Every structure is written in structure tokens, then in C-alpha cells.
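These notes concern the structure reproduced below.
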Amino acid sequence: MAISLSCPPGSQLERLRQTTPLVHNITNHVAMTPSANTLLAIGASPLMAHALEEIQDIVRVADVLCINIGTLSVPWIEAMQLAAEAAHLAGKPWVLDPVGVGASLLRQQTCRVLLDHQPSVIRGNASEILALAGEASQSRGVDSGDDAEDAIVRATQTAISLAQQHGCVVAMTGLVDVVTDGKQLIRITGGHPLMGRVTAMGCALSSVVAAFIAANDEPLSATASALACYAYAGECAGYHATGPGSFVPAFLDTLYTLDGETPPLETRMEITNVA
Ligand SMILES: Nc1ncnc2c1ncn2[C@@H]1O[C@H](COP(=O)(O)OP(=O)(O)O)[C@@H](O)[C@H]1O
Ligand SMILES: Cc1ncsc1CCOP(=O)(O)O
Ligand SMILES: [Mg+2]
């Protein structure tokens, strides 16, 4: 059953721009600069910080936290745990990006502990969503190997179960994106294959999701809006680009010029009830 969003996506982007949320990122070495540039382009304020000694101060001052496990080390894991706990206790929203969780035991154990601190949103590709739930996946390092139609169908069910189990929103991205809170499922179309040929596009998206949920009250529709903006910008940039090199500046420029008048992002969304 298709229903309309309670809050039009254009106004969610507008609220982001009006409030300029401060997004605290504990992210990987690859994604730091791309994520900061992406947040600035869309209208949020990035802050990268991972020192254990300052992590609670940073959580206190930031509007939202995004934890990305892409390049783990033990001191960073301690900081991630402390940050997630502090955010949860302070009632601040936080996003988990389980980069390459199927690739190592360390990543799996880290995610298990982080999940105890109740993320608001989990954002990953299909292989990461399957691996996070302890299911078999064709994980290929940080890239998804579960892009075939049957794998996506299975991973979508897993995303719904994960959302129900952890009481959070799960965003699973790829050729098609799905967002669920375990009750509703929103399918978002758009984007461009070049998005898979540039590193840290998913990581930066997780940070953008964080900015949207900080600026808006309802995490399910805020996450869907973030994904719809991203998909729209990716599609436009892909149209103008001749390859991954020219895609990146075109993508940042499109995010920067998105506004409330941008063609109906809600037309990219199809909503169904699942529970
Ligand atoms: N083949 C594709 N066609 C359209 N959009 C894509 C494609 N692959 C990835 N994307 C988009 O790229 C962004 C990052 O998603 P994804 O590649 O799944 O993340 P990750 O980089 O973490 O694996 C999402 O907005 C997603 O919709
Ligand atoms: C290549 C790589 N290796 C460790 S983290 C990382 C970046 C992954 O970025 P994304 O998940 O957005 O593709
Ligand atoms: Mg990723």
C-alpha cells in the first residue's frame, strides 16, 4: 500500500540547511575528507574526532554522531564504544556504518558491542546488512557481493528483522535503496552506477543520514529523504560525468544546489507496510 510521507522531503532538506547540524564522525581514514566535503556541500557542519580523551566532550557539543568501522584499531574501538554509550545516554541520535563487517571477526565483535548502545540508524550495503545479522553473505571486503535479485530480496527481509530486533531504522543501499523501521519499508530509486566506482560514497551517505536525522524528528522519513537527495544528486552527476574523476565534483555541486524546489524527491519513494 502506497502512503504519503508525513513530512515532504524538500522541507526536511530545508530544515537541515536552516539548522546546520554539527555531525561528529568517527570514520575511516579513506572517508574523512570525502565525508566532510559531502556534509559541507549539503549544508551540514562536519567534525572528525576519535581521541578517547575528548570523545565525551565532542559528543556533548555535536548534534549527532556517525560511527564508521572502516579502518579499525583498538584505541578507535574504545572511542567508538564510549561515544555510542555517551550519545545513547544523552538521547542523541547516532548512525552505525558497519563497513566490511563480514570481512573480519574484529569488525563483527565491534559491531555487536556497538549495537548494545542502540543506534538510531544502521546504513550499509546488502552484504553488510546480511553479515551484521550473522547471515551468509558474499561480502567482498567493503563492497557488496550480494547484488543479485534473490540476494537483495533475502537481505531486505534481514533489514526488516534487524530493524525490529534493534528498534532502529535500517537503510540498505545499492542499485536500489530500501529503508525500514520494521513496520514500513521505503524503496528509493535513482542514483548512478558511477557511485559504486568512487570510494567512500557509502560512508559519506551515512554521514548525510546523520545530518538529516539530527535536523528532523522522524528518523524513518529523514533517512529516506537523505537517500532520495543522494540518489537524485548521483543521477544528475552521473549524467554529466565522463567517469569517476569528473563524477565527484559534479556530485558535490549538485548536492550544493539542491533545494526545496528540486524535482519531487518523494516520487522516487514507494512505501509499503511490512508489519
Ligand atoms: N549501481 C548503482 N546504481 C545506482 N546507485 C548506486 C549503485 N551503486 C551504489 N549506488 C548508490 O551509491 C550510494 C552508496 O551505496 P553503496 O554503494 O551501497 O554503499 P557502500 O559504498 O557502503 O557499499 C547509495 O546512494 C546507492 O544508492
Ligand atoms: C576502501 C575502504 N577500505 C576501508 S574503509 C574503505 C572505504 C569504504 O567506503 P564505502 O563503504 O563508502 O565504499
Ligand atoms: Mg560502505
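The chains in the C-alpha cells are called A, B, ... from first to last as shown; in each chain the residues are counted from 1, and the ligands are counted from 1 in the order shown.
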
Practice prompt. Using DSSP on the backbone coordinates, identify all residues within range 70-211 of chain A classified as strand (DSSP E); present the result as a ChimeraX atom specification.
Written response: /A:94-97,121-125,169-173,177-180,184-188

Selection from above, N, CA and C atoms, as an mmCIF file, in the first residue's frame, can you write it?
```cif
data_model
loop_
_atom_site.group_PDB
_atom_site.id
_atom_site.type_symbol
_atom_site.label_atom_id
_atom_site.label_comp_id
_atom_site.auth_asym_id
_atom_site.auth_seq_id
_atom_site.Cartn_x
_atom_site.Cartn_y
_atom_site.Cartn_z
ATOM 1 N N TRP A 94 22.333 8.526 16.759
ATOM 2 C CA TRP A 94 23.610 8.141 16.148
ATOM 3 C C TRP A 94 23.417 7.074 15.079
ATOM 4 N N VAL A 95 24.340 7.079 14.111
ATOM 5 C CA VAL A 95 24.277 6.204 12.936
ATOM 6 C C VAL A 95 25.462 5.242 12.972
ATOM 7 N N LEU A 96 25.190 3.981 12.647
ATOM 8 C CA LEU A 96 26.264 2.988 12.522
ATOM 9 C C LEU A 96 26.432 2.607 11.058
ATOM 10 N N ASP A 97 27.672 2.730 10.554
ATOM 11 C CA ASP A 97 28.003 2.218 9.222
ATOM 12 C C ASP A 97 28.940 1.023 9.414
ATOM 13 N N VAL A 121 20.061 4.658 13.413
ATOM 14 C CA VAL A 121 20.033 4.166 12.026
ATOM 15 C C VAL A 121 21.271 3.304 11.773
ATOM 16 N N ILE A 122 21.061 2.200 11.082
ATOM 17 C CA ILE A 122 22.171 1.404 10.548
ATOM 18 C C ILE A 122 22.128 1.581 9.035
ATOM 19 N N ARG A 123 23.262 1.978 8.424
ATOM 20 C CA ARG A 123 23.290 2.147 6.953
ATOM 21 C C ARG A 123 24.442 1.312 6.393
ATOM 22 N N GLY A 124 24.093 0.384 5.496
ATOM 23 C CA GLY A 124 25.133 -0.435 4.876
ATOM 24 C C GLY A 124 24.666 -0.995 3.552
ATOM 25 N N ASN A 125 25.592 -1.655 2.843
ATOM 26 C CA ASN A 125 25.192 -2.326 1.602
ATOM 27 C C ASN A 125 24.607 -3.703 1.942
ATOM 28 N N VAL A 169 16.128 2.253 12.623
ATOM 29 C CA VAL A 169 15.919 2.291 11.176
ATOM 30 C C VAL A 169 17.106 1.602 10.511
ATOM 31 N N VAL A 170 16.836 0.808 9.488
ATOM 32 C CA VAL A 170 17.915 0.192 8.713
ATOM 33 C C VAL A 170 17.807 0.672 7.272
ATOM 34 N N ALA A 171 18.908 1.215 6.761
ATOM 35 C CA ALA A 171 18.975 1.656 5.359
ATOM 36 C C ALA A 171 19.946 0.750 4.625
ATOM 37 N N MET A 172 19.437 0.061 3.620
ATOM 38 C CA MET A 172 20.275 -0.853 2.832
ATOM 39 C C MET A 172 20.375 -0.288 1.414
ATOM 40 N N THR A 173 21.611 -0.023 0.983
ATOM 41 C CA THR A 173 21.797 0.699 -0.286
ATOM 42 C C THR A 173 22.465 -0.160 -1.348
ATOM 43 N N ASP A 177 17.745 1.356 -3.166
ATOM 44 C CA ASP A 177 17.891 1.527 -1.713
ATOM 45 C C ASP A 177 16.586 1.155 -1.018
ATOM 46 N N VAL A 178 16.685 0.545 0.151
ATOM 47 C CA VAL A 178 15.493 0.340 0.977
ATOM 48 C C VAL A 178 15.759 0.865 2.383
ATOM 49 N N VAL A 179 14.718 1.426 2.977
ATOM 50 C CA VAL A 179 14.797 1.942 4.348
ATOM 51 C C VAL A 179 13.624 1.365 5.110
ATOM 52 N N THR A 180 13.877 0.865 6.310
ATOM 53 C CA THR A 180 12.777 0.283 7.083
ATOM 54 C C THR A 180 12.960 0.538 8.572
ATOM 55 N N GLN A 184 7.379 -0.282 8.296
ATOM 56 C CA GLN A 184 7.212 0.174 6.920
ATOM 57 C C GLN A 184 8.518 -0.013 6.160
ATOM 58 N N LEU A 185 8.375 -0.158 4.865
ATOM 59 C CA LEU A 185 9.559 -0.307 4.010
ATOM 60 C C LEU A 185 9.457 0.737 2.901
ATOM 61 N N ILE A 186 10.492 1.545 2.764
ATOM 62 C CA ILE A 186 10.510 2.562 1.711
ATOM 63 C C ILE A 186 11.595 2.169 0.705
ATOM 64 N N ARG A 187 11.192 2.100 -0.554
ATOM 65 C CA ARG A 187 12.104 1.726 -1.615
ATOM 66 C C ARG A 187 12.437 2.998 -2.381
ATOM 67 N N ILE A 188 13.705 3.257 -2.594
ATOM 68 C CA ILE A 188 14.106 4.506 -3.256
ATOM 69 C C ILE A 188 14.908 4.183 -4.504
#
```

10 Å from ligand 3 is the threshold here; counting only C-alpha atoms and all ligand atoms, which polymer residues fall inside it? Answer as a compact mmCIF listing (two decimals) with C-alpha atoms, in the first residue's frame.
```txt
# COMPACT_ATOMS: atom_id res chain seq x y z
CA ALA A 31 36.35 8.55 4.11
CA ASN A 68 32.03 4.01 10.75
CA ILE A 69 34.16 0.91 11.35
CA GLY A 70 36.06 1.04 8.02
CA ASP A 97 28.00 2.22 9.22
CA PRO A 98 29.21 -1.42 9.52
CA VAL A 99 31.80 -1.16 6.74
CA GLY A 100 33.09 -4.59 5.69
CA VAL A 101 31.61 -6.26 8.79
CA ARG A 123 23.29 2.15 6.95
CA GLY A 124 25.13 -0.43 4.88
CA ASN A 125 25.19 -2.33 1.60
CA ALA A 126 23.39 -5.69 1.19
CA SER A 127 26.41 -7.82 2.17
CA GLU A 128 26.97 -5.72 5.28
CA GLY A 141 35.86 -6.56 1.56
CA VAL A 142 33.98 -3.28 1.78
CA ASP A 143 31.95 -3.83 -1.40
CA SER A 144 28.75 -5.82 -1.66
CA THR A 173 21.80 0.70 -0.29
CA GLY A 174 22.94 -0.36 -3.73
CA GLY A 196 29.95 2.36 -6.97
CA THR A 199 35.37 5.28 -2.77
CA ALA A 200 33.59 6.42 0.37
CA MET A 201 30.27 7.21 -1.33
CA GLY A 202 28.50 4.95 1.17
CA CYS A 203 30.47 6.33 4.12
CA ALA A 204 29.60 9.90 3.15
CA LEU A 205 25.97 8.86 2.75
CA SER A 206 25.92 7.56 6.34
```

Discussion item. Set the distance at 10 Å and use only C-alpha atoms: which residues neighbour Pro119 in chain A once local chain neighbours fewer than 4 positions away are removed? I'd like the list as a PyMOL selection string.
Written reply: chain A and resi 65-67+84-85+87-88+92-97+114-115+166-170

Residue selection dump (C-alpha atoms) as a PDB file, in the first residue's frame:
```
ATOM      1  CA  LEU A  65      27.171  11.012  15.850  1.00  0.00           C
ATOM      2  CA  CYS A  66      28.164   8.779  12.937  1.00  0.00           C
ATOM      3  CA  ILE A  67      30.334   5.744  13.680  1.00  0.00           C
ATOM      4  CA  ALA A  84      27.987   5.396  21.303  1.00  0.00           C
ATOM      5  CA  GLU A  85      27.299   4.971  25.014  1.00  0.00           C
ATOM      6  CA  ALA A  87      25.214   9.509  22.702  1.00  0.00           C
ATOM      7  CA  HIS A  88      22.677   6.925  23.808  1.00  0.00           C
ATOM      8  CA  LYS A  92      21.396  11.990  20.901  1.00  0.00           C
ATOM      9  CA  PRO A  93      20.796  10.168  17.631  1.00  0.00           C
ATOM     10  CA  TRP A  94      23.610   8.141  16.148  1.00  0.00           C
ATOM     11  CA  VAL A  95      24.277   6.204  12.936  1.00  0.00           C
ATOM     12  CA  LEU A  96      26.264   2.988  12.522  1.00  0.00           C
ATOM     13  CA  ASP A  97      28.003   2.218   9.222  1.00  0.00           C
ATOM     14  CA  LEU A 114      28.108  -1.033  19.409  1.00  0.00           C
ATOM     15  CA  LEU A 115      24.617  -2.397  18.734  1.00  0.00           C
ATOM     16  CA  HIS A 166      17.222  -3.314  17.491  1.00  0.00           C
ATOM     17  CA  GLY A 167      14.313  -0.857  17.400  1.00  0.00           C
ATOM     18  CA  CYS A 168      16.061   1.280  14.813  1.00  0.00           C
ATOM     19  CA  VAL A 169      15.919   2.291  11.176  1.00  0.00           C
ATOM     20  CA  VAL A 170      17.915   0.192   8.713  1.00  0.00           C
TER      21      VAL A 170
END
```

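Comparing the minimum interatomic distances between ligand 2 and each of A:Gln109, A:Ser35, A:Thr156, A:Gln18, counting only C-alpha atoms and all ligand atoms, we find that A:Ser35 sits nearest.
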
Item to complete: Determine which residues of range 103-244 of chain A DSSP labels as alpha helix (DSSP H) from the backbone of this structure, then write them out as a ChimeraX atom specification.
Response: /A:105-115,126-132,149-166,201-215,219-240,244

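In this model, the gap between CA of Val64 in chain A and CA of Val23 in chain A comes to 5.2 Å.
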
Worksheet item: What separation in Å, quoted to one decimal, exists between CA of Glu53 in chain A and CA of Ala214 in chain A?
Response: 24.4 Å

Item to complete: For CA of Ala211 in chain A and CA of Gly134 in chain A, quote the distance in Å rounded to one decimal.
Response: 28.5 Å

Extract, using only C-alpha atoms, all DNA, RNA and protein residues at most 12 Å from Ser73 in chain A, discarding same-chain residues fewer than 6 positions from it, and format them as an mmCIF file with N, CA and C atoms, in the first residue's frame.
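Below is the file that was written, selection29.cif:
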```cif
data_model
loop_
_atom_site.group_PDB
_atom_site.id
_atom_site.type_symbol
_atom_site.label_atom_id
_atom_site.label_comp_id
_atom_site.auth_asym_id
_atom_site.auth_seq_id
_atom_site.Cartn_x
_atom_site.Cartn_y
_atom_site.Cartn_z
ATOM 1 N N ILE A 26 33.174 9.501 13.655
ATOM 2 C CA ILE A 26 34.351 8.660 13.910
ATOM 3 C C ILE A 26 34.397 7.757 12.692
ATOM 4 N N THR A 27 35.184 8.139 11.720
ATOM 5 C CA THR A 27 35.126 7.429 10.450
ATOM 6 C C THR A 27 36.497 6.950 10.026
ATOM 7 N N ASN A 28 36.544 6.269 8.888
ATOM 8 C CA ASN A 28 37.797 5.635 8.479
ATOM 9 C C ASN A 28 38.720 6.619 7.758
ATOM 10 N N HIS A 29 39.990 6.190 7.611
ATOM 11 C CA HIS A 29 40.996 7.064 7.001
ATOM 12 C C HIS A 29 40.651 7.430 5.562
ATOM 13 N N HIS A 50 38.322 11.317 17.123
ATOM 14 C CA HIS A 50 38.301 9.938 17.630
ATOM 15 C C HIS A 50 39.180 9.720 18.859
ATOM 16 N N ALA A 51 39.809 10.767 19.391
ATOM 17 C CA ALA A 51 40.662 10.575 20.579
ATOM 18 C C ALA A 51 39.778 10.273 21.788
ATOM 19 N N ALA A 79 37.122 4.305 21.664
ATOM 20 C CA ALA A 79 36.478 5.621 21.490
ATOM 21 C C ALA A 79 35.066 5.459 20.915
ATOM 22 N N MET A 80 34.916 4.519 19.979
ATOM 23 C CA MET A 80 33.586 4.289 19.386
ATOM 24 C C MET A 80 32.591 3.834 20.450
ATOM 25 N N LEU A 106 37.084 -9.102 14.154
ATOM 26 C CA LEU A 106 37.187 -7.831 14.884
ATOM 27 C C LEU A 106 36.020 -6.904 14.531
ATOM 28 N N ARG A 107 35.689 -6.835 13.257
ATOM 29 C CA ARG A 107 34.572 -5.977 12.834
ATOM 30 C C ARG A 107 33.248 -6.495 13.390
ATOM 31 N N THR A 110 33.111 -5.798 17.157
ATOM 32 C CA THR A 110 32.938 -4.354 17.393
ATOM 33 C C THR A 110 31.482 -3.949 17.170
#
```

So that I can check the surroundings of Arg154 in chain A, please list as a PDB file with C-alpha atoms, in the first residue's frame every protein, DNA and RNA residue that reaches within 12 Å of it, counting only C-alpha atoms and ignoring chain neighbours fewer than 6 positions away.
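Once written, part_16.pdb looks like this:
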```pdb
ATOM      1  CA  ALA A 126      23.392  -5.690   1.193  1.00  0.00           C
ATOM      2  CA  SER A 127      26.412  -7.824   2.167  1.00  0.00           C
ATOM      3  CA  ILE A 129      23.329  -5.981   6.344  1.00  0.00           C
ATOM      4  CA  LEU A 130      23.418  -9.778   5.919  1.00  0.00           C
ATOM      5  CA  ALA A 133      22.727 -10.160  11.184  1.00  0.00           C
ATOM      6  CA  GLU A 135      23.760 -14.489   7.900  1.00  0.00           C
ATOM      7  CA  ALA A 136      25.754 -15.869   4.992  1.00  0.00           C
ATOM      8  CA  SER A 137      26.909 -13.158   2.598  1.00  0.00           C
ATOM      9  CA  ASP A 146      25.038  -9.639  -2.842  1.00  0.00           C
ATOM     10  CA  ASP A 147      23.631  -7.590  -5.681  1.00  0.00           C
ATOM     11  CA  ALA A 148      21.696 -10.335  -7.480  1.00  0.00           C
ATOM     12  CA  ILE A 160      13.383  -5.645   8.370  1.00  0.00           C
ATOM     13  CA  SER A 161      14.319  -8.185  11.075  1.00  0.00           C
ATOM     14  CA  MET A 172      20.275  -0.853   2.832  1.00  0.00           C
TER      15      MET A 172
END
```

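Considering only C-alpha atoms and all ligand atoms, the residue among A:Leu72, A:Ala163, A:Cys111, A:Ala237 positioned nearest to ligand 1 is A:Ala237.
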
Worksheet item: Which residue gives the smallest distance to ligand 2 among A:Val198, A:Gly243, A:Gln12, A:Val248, with only C-alpha atoms and all ligand atoms counted?
Response: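 Ranking A:Val198, A:Gly243, A:Gln12, A:Val248 by distance to ligand 2, first place goes to A:Val198.
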
Worksheet item: Nearest to Leu39 in chain A: which of A:Arg268, A:Lys183, A:Arg17, A:Arg60 is it, counting only C-alpha atoms?
Response: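 Counting only C-alpha atoms, the residue closest to Leu39 in chain A is A:Arg17.
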
Practice prompt. Using only C-alpha atoms, pick whichever of A:Ala62, A:Ala250, A:Val113, A:Ala103 has the shortest atom-to-atom distance to Ala90 in chain A.
Written response: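 For Ala90 in chain A, the nearest of the given residues is A:Ala62.
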
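Each of A:Ile152, A:Leu255, A:Ile77, A:Met195 was compared to ligand 2 using only C-alpha atoms and all ligand atoms, and A:Met195 turns out to be the nearest.
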